[in-house]
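J.: Contents of my_file_15.txt (compact mmCIF, C-alpha atoms) are given next:
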# COMPACT_ATOMS: atom_id res chain seq x y z
CA MET U 136 103.53 162.22 -44.70
CA GLY U 137 107.32 162.11 -44.74
CA ALA U 138 109.21 159.60 -46.79
CA SER U 139 110.05 156.30 -45.11
CA PRO U 140 113.65 156.07 -43.91
CA THR U 141 116.11 154.05 -45.96
CA LEU U 142 117.00 150.91 -44.04
CA ILE U 143 119.98 148.67 -44.73
CA SER U 144 118.71 145.10 -44.50
CA SER U 145 122.15 143.56 -44.04
CA VAL U 146 122.72 145.68 -40.96
CA GLN U 147 119.36 144.64 -39.55
CA ARG U 148 120.19 140.98 -40.18
CA ALA U 149 123.56 141.31 -38.46
CA PHE U 150 121.91 142.80 -35.39
CA ARG U 151 119.35 139.99 -35.34
CA LEU U 152 122.19 137.47 -35.29
CA LEU U 153 123.90 139.33 -32.43
CA GLU U 154 120.66 139.31 -30.46
CA ALA U 155 120.16 135.61 -31.11
CA ALA U 156 123.72 134.76 -30.09
CA SER U 157 123.39 136.79 -26.88
CA ALA U 158 120.44 134.63 -25.83
CA HIS U 159 122.66 131.53 -25.57
CA GLU U 160 125.06 131.62 -22.63
CA THR U 161 127.27 128.85 -24.04
CA GLY U 162 126.85 129.84 -27.68
CA ALA U 163 124.84 128.47 -30.59
CA PRO U 164 125.84 127.05 -34.00
CA ALA U 165 125.19 128.84 -37.28
CA LYS U 166 122.28 126.58 -38.24
CA GLN U 167 120.45 127.32 -35.00
CA LEU U 168 121.07 131.06 -35.26
CA ALA U 169 119.87 131.05 -38.88
CA ARG U 170 116.72 129.22 -37.87
CA GLU U 171 116.00 131.54 -34.93
CA THR U 172 116.46 134.67 -37.02
CA GLY U 173 114.66 133.36 -40.10
CA LEU U 174 117.72 133.94 -42.30
CA PRO U 175 118.88 131.67 -45.13
CA LEU U 176 121.80 129.58 -43.91
CA GLY U 177 124.15 131.00 -46.55
CA THR U 178 123.32 134.57 -45.55
CA ALA U 179 123.80 133.72 -41.89
CA TYR U 180 127.22 132.19 -42.59
CA HIS U 181 128.40 135.30 -44.46
CA LEU U 182 127.23 137.66 -41.74
CA LEU U 183 128.61 135.49 -38.94
CA ARG U 184 132.04 135.38 -40.58
CA THR U 185 132.01 139.16 -40.88
CA LEU U 186 130.97 139.63 -37.26
CA VAL U 187 133.70 137.26 -36.09
CA HIS U 188 136.30 139.03 -38.24
CA ASP U 189 135.39 142.41 -36.71
CA GLY U 190 135.33 141.06 -33.15
CA TYR U 191 131.60 141.35 -32.47
CA LEU U 192 131.25 137.57 -32.29
CA ARG U 193 133.69 134.80 -31.37
CA LYS U 194 133.59 131.30 -32.83
CA LEU U 195 134.28 128.53 -30.33
CA ASP U 196 136.13 125.31 -31.09
CA ASP U 197 132.84 123.41 -31.27
CA GLY U 198 131.55 125.77 -33.96
CA SER U 199 129.24 127.75 -31.68
CA PHE U 200 129.12 131.54 -31.74
CA VAL U 201 129.24 133.79 -28.65
CA LEU U 202 129.48 137.54 -28.22
CA GLY U 203 132.94 138.98 -28.86
CA ASP U 204 135.14 141.41 -26.97
CA ARG U 205 134.32 144.30 -29.32
CA LEU U 206 130.82 144.50 -27.87
CA GLN U 207 132.25 144.90 -24.39
CA THR U 208 134.32 147.81 -25.68
CA LEU U 209 131.19 149.42 -27.10
CA TYR U 210 129.34 148.85 -23.84
CA SER U 211 132.15 150.40 -21.81
CA GLY U 212 132.32 153.40 -24.11
CA GLY U 213 128.57 153.89 -24.02
CA ARG U 214 128.58 153.62 -20.25
CA SER U 215 131.27 156.29 -20.02
CA GLN U 216 129.25 158.59 -22.25
CA THR U 217 126.18 158.06 -20.09
CA LEU U 218 128.09 158.80 -16.90
CA LEU U 219 129.58 161.97 -18.34
CA ALA U 220 126.12 163.07 -19.47
CA ARG U 221 125.01 162.85 -15.86
CA VAL U 222 127.70 165.20 -14.57
CA ARG U 223 127.91 167.76 -17.38
CA PRO U 224 124.96 169.78 -15.98
CA VAL U 225 126.68 169.83 -12.58
CA LEU U 226 129.94 171.04 -14.12
CA SER U 227 128.06 173.63 -16.17
CA ALA U 228 126.39 174.96 -13.02
CA LEU U 229 129.79 175.11 -11.32
CA ARG U 230 131.22 177.04 -14.27
CA ASP U 231 128.39 179.54 -14.22
CA GLU U 232 128.39 180.04 -10.47
CA LEU U 233 132.14 180.53 -10.15
CA ASN U 234 132.63 182.11 -13.56
CA SER U 235 135.44 179.63 -14.18
CA ALA U 236 136.11 176.74 -16.54
CA ALA U 237 135.36 173.40 -14.84
CA TYR U 238 137.26 170.13 -15.30
CA LEU U 239 136.82 166.43 -14.54
CA THR U 240 139.67 163.91 -14.48
CA PHE U 241 140.05 160.20 -13.72
CA TYR U 242 142.99 158.06 -12.69
CA GLU U 243 142.93 155.19 -15.18
CA ASP U 244 145.63 152.65 -16.04
CA GLY U 245 148.11 154.51 -13.90
CA GLU U 246 147.56 157.87 -15.63
CA ILE U 247 145.66 161.05 -14.77
CA ARG U 248 143.47 161.90 -17.74
CA VAL U 249 141.05 164.73 -18.47
CA SER U 250 137.58 163.34 -19.16
CA GLU U 251 135.56 166.54 -19.50
CA ILE U 252 136.04 170.30 -19.71
CA VAL U 253 133.11 172.69 -19.48
CA ASP U 254 134.10 176.20 -20.50
CA GLY U 255 132.65 179.11 -22.46
CA PRO U 256 133.47 182.42 -24.16
CA ARG U 257 133.72 184.18 -20.81
CA THR U 258 135.29 181.24 -19.01
CA PRO U 259 138.08 179.96 -21.26
CA ARG U 260 139.91 176.78 -20.39
CA VAL U 261 143.60 176.74 -19.57
CA ASP U 262 145.80 176.20 -22.60
CA LEU U 263 146.76 172.55 -22.09
CA TRP U 264 150.21 173.05 -23.49
CA VAL U 265 151.52 170.01 -21.60
CA GLY U 266 149.34 166.90 -21.39
CA PHE U 267 147.94 166.01 -17.98
CA GLU U 268 149.64 162.62 -18.15
CA ASP U 269 152.95 164.51 -17.90
CA ALA U 270 151.80 167.28 -15.59
CA GLY U 271 149.92 165.67 -12.73
CA HIS U 272 152.43 167.12 -10.27
CA ALA U 273 151.81 170.67 -11.48
CA THR U 274 148.00 170.78 -11.67
CA ALA U 275 145.45 170.98 -8.90
CA LEU U 276 143.44 168.25 -10.64
CA GLY U 277 146.44 165.94 -10.72
CA LYS U 278 147.50 166.72 -7.18
CA ALA U 279 143.97 166.07 -5.89
CA VAL U 280 144.32 162.55 -7.29
CA LEU U 281 147.86 162.05 -6.02
CA ARG U 282 146.87 163.15 -2.53
CA GLU U 283 144.16 160.47 -2.37
CA LEU U 284 146.32 157.60 -3.64
CA ASP U 285 147.73 155.18 -1.10
CA ASP U 286 151.48 155.32 -0.51
CA GLU U 287 152.29 152.42 -2.82
CA SER U 288 150.21 153.74 -5.71
CA ARG U 289 151.63 157.24 -5.30
CA LYS U 290 155.20 155.92 -5.27
CA ASP U 291 154.44 153.93 -8.39
CA TYR U 292 153.12 157.01 -10.16
CA LEU U 293 156.08 159.16 -9.15
CA SER U 294 158.54 156.47 -10.22
CA ARG U 295 157.09 156.55 -13.73
CA HIS U 296 156.77 160.31 -14.19
CA THR U 297 159.38 163.04 -14.35
CA LEU U 298 158.36 166.13 -12.39
CA ASN U 299 159.01 168.55 -15.20
CA ASP U 300 159.76 172.20 -14.45
CA LEU U 301 156.83 173.92 -16.19
CA THR U 302 157.02 177.32 -14.48
CA PRO U 303 159.26 178.88 -11.81
CA HIS U 304 156.62 177.77 -9.25
CA THR U 305 156.50 174.06 -10.18
CA VAL U 306 157.57 171.59 -7.50
CA THR U 307 160.04 169.20 -9.13
CA THR U 308 161.13 166.87 -6.30
CA PRO U 309 158.95 163.98 -5.09
CA VAL U 310 159.76 164.55 -1.43
CA GLU U 311 158.65 168.17 -1.52
CA LEU U 312 155.58 167.35 -3.58
CA VAL U 313 154.42 164.70 -1.11
CA ARG U 314 155.12 167.02 1.81
CA ARG U 315 152.93 169.72 0.29
CA LEU U 316 150.18 167.26 -0.58
CA GLU U 317 150.02 165.98 2.98
CA SER U 318 150.11 169.44 4.58
CA THR U 319 147.77 171.41 2.34
CA PRO U 320 145.69 173.74 4.55
CA LEU U 321 142.65 173.42 2.27
CA ALA U 322 142.43 169.61 2.42
CA PRO U 323 140.86 167.72 0.79
CA ALA U 324 141.15 170.56 -1.74
CA VAL U 325 144.50 171.31 -3.33
CA THR U 326 145.70 174.24 -5.39
CA ASP U 327 147.89 175.00 -8.37
CA LEU U 328 149.33 178.46 -7.85
CA GLU U 329 150.81 179.19 -11.27
CA GLU U 330 152.59 175.82 -11.20
CA TYR U 331 151.21 174.72 -14.58
CA ALA U 332 150.74 178.06 -16.34
CA LEU U 333 151.78 181.54 -15.31
CA GLY U 334 148.86 183.81 -14.60
CA THR U 335 146.47 180.93 -13.76
CA VAL U 336 145.50 179.37 -10.43
CA CYS U 337 143.34 176.27 -9.95
CA VAL U 338 141.52 174.51 -7.13
CA ALA U 339 140.47 170.85 -7.21
CA VAL U 340 138.94 168.19 -4.97
CA PRO U 341 138.70 164.40 -5.33
CA VAL U 342 135.70 162.50 -6.71
CA TYR U 343 134.98 158.81 -7.26
CA SER U 344 133.22 156.81 -9.96
CA GLY U 345 132.67 153.57 -8.10
CA GLY U 346 136.20 152.45 -7.30
CA THR U 347 137.83 154.82 -9.81
CA LEU U 348 139.48 157.90 -8.33
CA GLY U 349 139.21 161.26 -10.07
CA SER U 350 138.96 164.97 -9.40
CA ILE U 351 136.97 168.04 -10.31
CA GLY U 352 138.30 171.56 -10.29
CA VAL U 353 138.19 175.04 -11.74
CA SER U 354 140.76 177.41 -13.20
CA MET U 355 140.82 181.18 -12.90
CA PRO U 356 143.14 184.15 -13.36
CA ARG U 357 145.70 184.85 -10.68
CA THR U 358 143.89 188.10 -9.92
CA ARG U 359 141.11 186.03 -8.29
CA LEU U 360 143.44 184.27 -5.87
CA ASP U 361 141.59 185.79 -2.93
CA ARG U 362 138.52 183.69 -3.83
CA ILE U 363 140.17 180.33 -3.20
CA ASP U 364 138.38 179.69 0.11
CA GLU U 365 135.03 180.50 -1.52
CA VAL U 366 135.82 178.20 -4.43
CA ARG U 367 136.75 175.36 -2.07
CA GLU U 368 133.45 175.67 -0.21
CA ARG U 369 131.55 175.40 -3.50
CA LEU U 370 133.64 172.53 -4.84
CA LEU U 371 133.15 170.21 -1.86
CA PRO U 372 129.35 169.74 -2.15
CA THR U 373 129.67 169.63 -5.93
CA ALA U 374 132.20 166.82 -5.63
CA ARG U 375 129.81 164.85 -3.42
CA ARG U 376 127.07 165.32 -5.97
CA VAL U 377 129.34 164.24 -8.83
CA THR U 378 130.44 161.15 -6.90
CA ARG U 379 126.83 160.16 -6.25
CA SER U 380 125.97 160.62 -9.94
CA LEU U 381 128.99 158.65 -11.14
CA SER U 382 128.39 155.83 -8.69
CA LEU U 383 124.80 155.15 -9.71
CA THR U 384 124.43 151.75 -11.35
CA MET U 385 123.16 151.59 -14.90
Translate the structure described by the file into structure tokens.

T.:
Amino acid sequence: MGASPTLISSVQRAFRLLEAASAHETGAPAKQLARETGLPLGTAYHLLRTLVHDGYLRKLDDGSFVLGDRLQTLYSGGRSQTLLARVRPVLSALRDELNSAAYLTFYEDGEIRVSEIVDGPRTPRVDLWVGFEDAGHATALGKAVLRELDDESRKDYLSRHTLNDLTPHTVTTPVELVRRLESTPLAPAVTDLEEYALGTVCVAVPVYSGGTLGSIGVSMPRTRLDRIDEVRERLLPTARRVTRSLSLTM
């Protein structure tokens, strides 16, 4: 028989208090929480003060305790991890089928951010020498998001971001960028033809996680430019699958 695990009783007690507090929609005082958890009142007070200090509980004006904002942060983070776990196998399959690194981005708080990259020894990722928050105009992933934004949201994004000249192929004027986004022959797919990094081309299509817009795409050497139509046809059903996975309720 293996040795019993070492358990930290104070941690267990703190969790019992959190569980007890969560059972009361309008909160409960320390004495009631101590009674429900079977803890000495002094112990309960010490733990409750610590939980309030760290944001896991909030003490109301009447002395009752309710769950704090820190728990919501943990829940949101855990939910994001769960959602990403759902789509990693899909991105891995895309990487293997197209022999290309696969990427997932989301448009959050007015910025385009990379959420996941699935690469490998034979499918290296692009060297992200400029952060996506400053290069949305030059990447297929960013442009797939910008193309889907409504006019007001797109104008807002462009007003807050300089269209930096990253390579000789980068579009650096908003008017020309919007024109190309609206006239792309591969719509809803968009491309990055050495606009972010010389020697690399990318294709991306939009996805959604509920009401959150994002994109998935792949990168590959310029020598495989003739495969763009094939890549687009594989990305579209994959994007639908990713959207369905991300939109499932938990």

J.: Mind pulling up the distance from atom CA of Ser199 of chain U to atom CA of Thr161 of chain U?

T.: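 Going from atom CA of Thr161 of chain U over to atom CA of Ser199 of chain U covers 8.0 Å.
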
J.: List every protein, DNA or RNA residue that has an atom no more than 9 Å from (142.4, 166.5, -10.8) in the file's coordinate frame, counting only C-alpha atoms, and report them as a PyMOL selection string.

T.: chain U and resi 238-242+247-249+271+274-281+338-342+349-352

J.: Go ahead and compute the interatomic distance for atom CA of Val310 of chain U and atom CA of Leu328 of chain U, in Å to one decimal.

T.: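 It comes out at 18.5 Å.
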
J.: Between atom CA of Gln147 of chain U and atom CA of Lys166 of chain U, what is the distance, to one decimal in Å?

T.: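 Computed distance, atom CA of Gln147 of chain U to atom CA of Lys166 of chain U, equals 18.3 Å.
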
J.: Which residue out of U:Arg282, U:Ser157, U:Met355, U:Leu370 has the minimum interatomic distance to Ala228 of chain U when all atoms listed in the file are used?

T.: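 For Ala228 of chain U, the nearest of the given residues is U:Leu370.
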
J.: If we count all atoms listed in the file and set the cut-off at 10 Å, which residues sit around Leu183 of chain U, ignoring sequence neighbours fewer than 5 positions away in its own chain? Please answer as a list in words.

T.: Ala149, Leu152, Leu153, Ala165, Leu168, Ala169, Gly177, Thr178, His188, Asp189, Tyr191, Leu192, Arg193, Lys194 and Phe200 of chain U

J.: Given the choices U:Arg205, U:His272, U:Arg223, U:Arg170, which gets closest to Tyr331 of chain U if the distance is worked out from only C-alpha atoms?

T.: U:His272

J.: Write out as a ChimeraX atom specification each polymer residue whose atoms come within 9 Å of segment 360-368 of chain U, counting only C-alpha atoms; drop sequence neighbours fewer than 3 positions from it.

T.: /U:233,321,324-326,328,336-340,353,355-357,371-372
